[in-house]
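Structure record follows, encoded as structure tokens.
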Amino acid sequence: MRAIAITVPALAAALLLTGCDSGGSDGGGSDTGSKNTDGTACRIGEVGLQVGPANAAPAAGDTGNVPVTLTNKGAQCTLEGFPGITLAAASGTATVPADRAGQPQKLTLAKGDTASFTLTYVRGGAGDAKSLAATSLRIALPGASDTQSFKWSYGPVQGKKDAAHPDASVTAFQQAGD
């Protein structure tokens with residue numbers, strides 16, 4: 001009986017590892033983590049996304065945080081890398097870079113499991129040429145080009161050198177819930 005208890009987890013771990021990829025960038029200029037081309041990647045149409053409640057930055061120069069929770073509504077899937085985050089405004093779009101302070105981990109989500117990530121931003125000044133007057137937030141999952149859009153109601157986002165380079169970052173996915 002003990003041999004079975006050890007063998008089954010070892011076999012499961014070996015099978016799980018055979019689906020891993022290099023975990024590098026997709027090479028297309030975006031910073032969304034791995035391509036995860038083995039067919040197990042979570043798809044935007046098969047998850048529920050909840051944005052907020054946010055700890056919004058009240059004034060220009062303040063830092064705000066927007067948590068996002070993802071719930072798998074389909075078959076078991078994996079998340080590896082960083083979400084693709086784009087802020088959109090009438091004047092253009094800006095891609096939010098990954099926060100490289102922490103290493104992304106590969107998460108396997110069964111139906112009903114949740115994961116989360118956080119978007120951190122610095123609020124810009126209204127009418128400031130270096131700020132992006134964002135009106136929507138677009139979210140993409142690693143390995144997929146489909147996005148889901150949400151209203152951005154947290155004020156303009158400060159740019160580092162201009163509005164196309166936001167003073168913002170997004171964390172890697174983390175397991176949420178139990």
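We label chains A, B, ... in the order they appear in the structure tokens, count residues from 1 in each chain, and number ligands from 1 in the order shown.
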Would you mind writing down, as a VMD selection string, each residue of region 101-147 of chain A that DSSP on the backbone assigns to strand (DSSP E)? chain A and resid 107 to 109 114 to 122 131 to 132 136 to 140 147
Those residues with N, CA and C atoms, as an mmCIF file, in the first residue's frame please?
```cif
data_model
loop_
_atom_site.group_PDB
_atom_site.id
_atom_site.type_symbol
_atom_site.label_atom_id
_atom_site.label_comp_id
_atom_site.auth_asym_id
_atom_site.auth_seq_id
_atom_site.Cartn_x
_atom_site.Cartn_y
_atom_site.Cartn_z
ATOM 1 N N LEU A 107 0.875 27.575 -12.042
ATOM 2 C CA LEU A 107 -0.289 27.217 -11.234
ATOM 3 C C LEU A 107 -1.221 26.343 -12.045
ATOM 4 N N THR A 108 -1.702 25.273 -11.442
ATOM 5 C CA THR A 108 -2.697 24.430 -12.072
ATOM 6 C C THR A 108 -4.016 24.687 -11.367
ATOM 7 N N LEU A 109 -5.023 25.074 -12.149
ATOM 8 C CA LEU A 109 -6.333 25.403 -11.583
ATOM 9 C C LEU A 109 -7.377 24.387 -12.022
ATOM 10 N N THR A 114 -9.154 29.471 -7.840
ATOM 11 C CA THR A 114 -8.903 30.882 -8.124
ATOM 12 C C THR A 114 -7.419 31.222 -8.031
ATOM 13 N N ALA A 115 -7.060 32.255 -8.766
ATOM 14 C CA ALA A 115 -5.723 32.836 -8.724
ATOM 15 C C ALA A 115 -5.909 34.346 -8.750
ATOM 16 N N SER A 116 -4.865 35.079 -8.386
ATOM 17 C CA SER A 116 -4.985 36.536 -8.393
ATOM 18 C C SER A 116 -3.665 37.168 -8.817
ATOM 19 N N PHE A 117 -3.748 38.430 -9.183
ATOM 20 C CA PHE A 117 -2.575 39.246 -9.444
ATOM 21 C C PHE A 117 -2.948 40.681 -9.095
ATOM 22 N N THR A 118 -1.950 41.538 -8.994
ATOM 23 C CA THR A 118 -2.195 42.928 -8.611
ATOM 24 C C THR A 118 -1.520 43.870 -9.600
ATOM 25 N N LEU A 119 -2.264 44.876 -10.012
ATOM 26 C CA LEU A 119 -1.747 45.963 -10.840
ATOM 27 C C LEU A 119 -1.471 47.133 -9.905
ATOM 28 N N THR A 120 -0.244 47.603 -9.878
ATOM 29 C CA THR A 120 0.138 48.765 -9.068
ATOM 30 C C THR A 120 0.456 49.907 -10.023
ATOM 31 N N TYR A 121 -0.027 51.110 -9.710
ATOM 32 C CA TYR A 121 0.170 52.245 -10.602
ATOM 33 C C TYR A 121 0.369 53.528 -9.799
ATOM 34 N N VAL A 122 0.965 54.512 -10.452
ATOM 35 C CA VAL A 122 1.094 55.844 -9.877
ATOM 36 C C VAL A 122 0.113 56.739 -10.616
ATOM 37 N N SER A 131 0.958 61.771 -18.655
ATOM 38 C CA SER A 131 -0.027 60.862 -18.070
ATOM 39 C C SER A 131 -0.950 60.305 -19.141
ATOM 40 N N LEU A 132 -1.374 59.074 -18.950
ATOM 41 C CA LEU A 132 -2.340 58.437 -19.841
ATOM 42 C C LEU A 132 -3.711 58.530 -19.180
ATOM 43 N N SER A 136 -9.961 52.301 -19.998
ATOM 44 C CA SER A 136 -10.215 50.863 -19.880
ATOM 45 C C SER A 136 -8.933 50.096 -19.605
ATOM 46 N N LEU A 137 -9.127 48.923 -19.042
ATOM 47 C CA LEU A 137 -8.077 47.987 -18.676
ATOM 48 C C LEU A 137 -8.343 46.720 -19.468
ATOM 49 N N ARG A 138 -7.362 46.273 -20.250
ATOM 50 C CA ARG A 138 -7.497 45.030 -21.015
ATOM 51 C C ARG A 138 -6.593 43.980 -20.397
ATOM 52 N N ILE A 139 -7.154 42.793 -20.193
ATOM 53 C CA ILE A 139 -6.423 41.694 -19.564
ATOM 54 C C ILE A 139 -6.326 40.529 -20.539
ATOM 55 N N ALA A 140 -5.118 39.995 -20.713
ATOM 56 C CA ALA A 140 -4.871 38.795 -21.505
ATOM 57 C C ALA A 140 -4.153 37.789 -20.615
ATOM 58 N N THR A 147 -8.513 39.043 -25.175
ATOM 59 C CA THR A 147 -8.516 39.925 -24.015
ATOM 60 C C THR A 147 -9.935 40.117 -23.504
#
```
Selection near Tyr154 (chain A), 10 Å with only C-alpha atoms, sequence-local residues under 3 positions removed, as a list in words: Ala54, Asn55, Ala56, Ala57, Pro58, Ala59, Gly64, Asn65, Val66, Tyr121, Arg123, Ala133, Ala134, Thr135, Ser136, Lys151 and Val157 of chain A
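Candidate residues A:Gly39, A:Phe82, A:Pro67, A:Gly155 were compared for distance to Val51 (chain A), and the nearest is A:Pro67, using only C-alpha atoms.
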Report, in Å to a single decimal, how far apart CA of Asp128 (chain A) and CA of Ala89 (chain A) are. 13.6 Å
Got a sec: who's within 9 Å of Gly159 (chain A), counting only C-alpha atoms, leaving out chain neighbours fewer than 6 positions off, as number ranges by chain? A: 122, 124, 129-132, 165-168
Please write the residues from the selection above to a file, keeping C-alpha atoms, as a compact mmCIF listing (two decimals), in the first residue's frame.
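Now in again-v4.txt:
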```
# COMPACT_ATOMS: atom_id res chain seq x y z
CA VAL A 122 1.09 55.84 -9.88
CA GLY A 124 -0.88 61.03 -12.96
CA ALA A 129 1.21 65.14 -21.26
CA LYS A 130 3.19 62.41 -19.43
CA SER A 131 -0.03 60.86 -18.07
CA LEU A 132 -2.34 58.44 -19.84
CA HIS A 165 5.40 53.98 -20.69
CA PRO A 166 3.24 53.86 -17.54
CA ASP A 167 4.64 54.07 -14.03
CA ALA A 168 2.87 50.81 -13.25
```
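In this structure, CA of Gln105 (chain A) sits 19.6 Å away from CA of Leu49 (chain A).
The shell of residues at most 10 Å from Leu79 (chain A), with only C-alpha atoms counted and near chain neighbours (fewer than 3 positions) removed, consists of Gly33, Ser34, Asn36, Thr40, Ala41, Cys42, Arg43, Phe82, Pro83, Pro104, Gln105, Lys106, Leu107, Thr108, Leu109, Ala115, Leu141, Pro142, Gly143, Ala172, Phe173, Gln174 and Gln175 of chain A.
Between Pro156 (chain A) and the candidates A:Ala98, A:Ala90, A:Leu70, A:Ala60, the tightest atom-to-atom separation, counting only C-alpha atoms, involves A:Ala60.
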Using only C-alpha atoms, pick whichever of A:Thr95, A:Thr63, A:Gln103, A:Gln158 has the shortest atom-to-atom distance to Gly127 (chain A). A:Gln158
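Distance check against Gln148 (chain A) using only C-alpha atoms: of A:Thr171, A:Thr86, A:Thr71, A:Gln76, the minimum falls on A:Thr86.
Candidate residues A:Ala163, A:Ala144, A:Ala126, A:Val47 were compared for distance to Ala75 (chain A), and the nearest is A:Val47, using only C-alpha atoms.
The gap separating CA of Pro97 (chain A) from CA of Gly48 (chain A) is 22.8 Å, in Å to one decimal.
Distances here use only C-alpha atoms; by that measure, the residue among A:Cys77, A:Ala176, A:Val170, A:Val68 closest to Val96 (chain A) is A:Val170.
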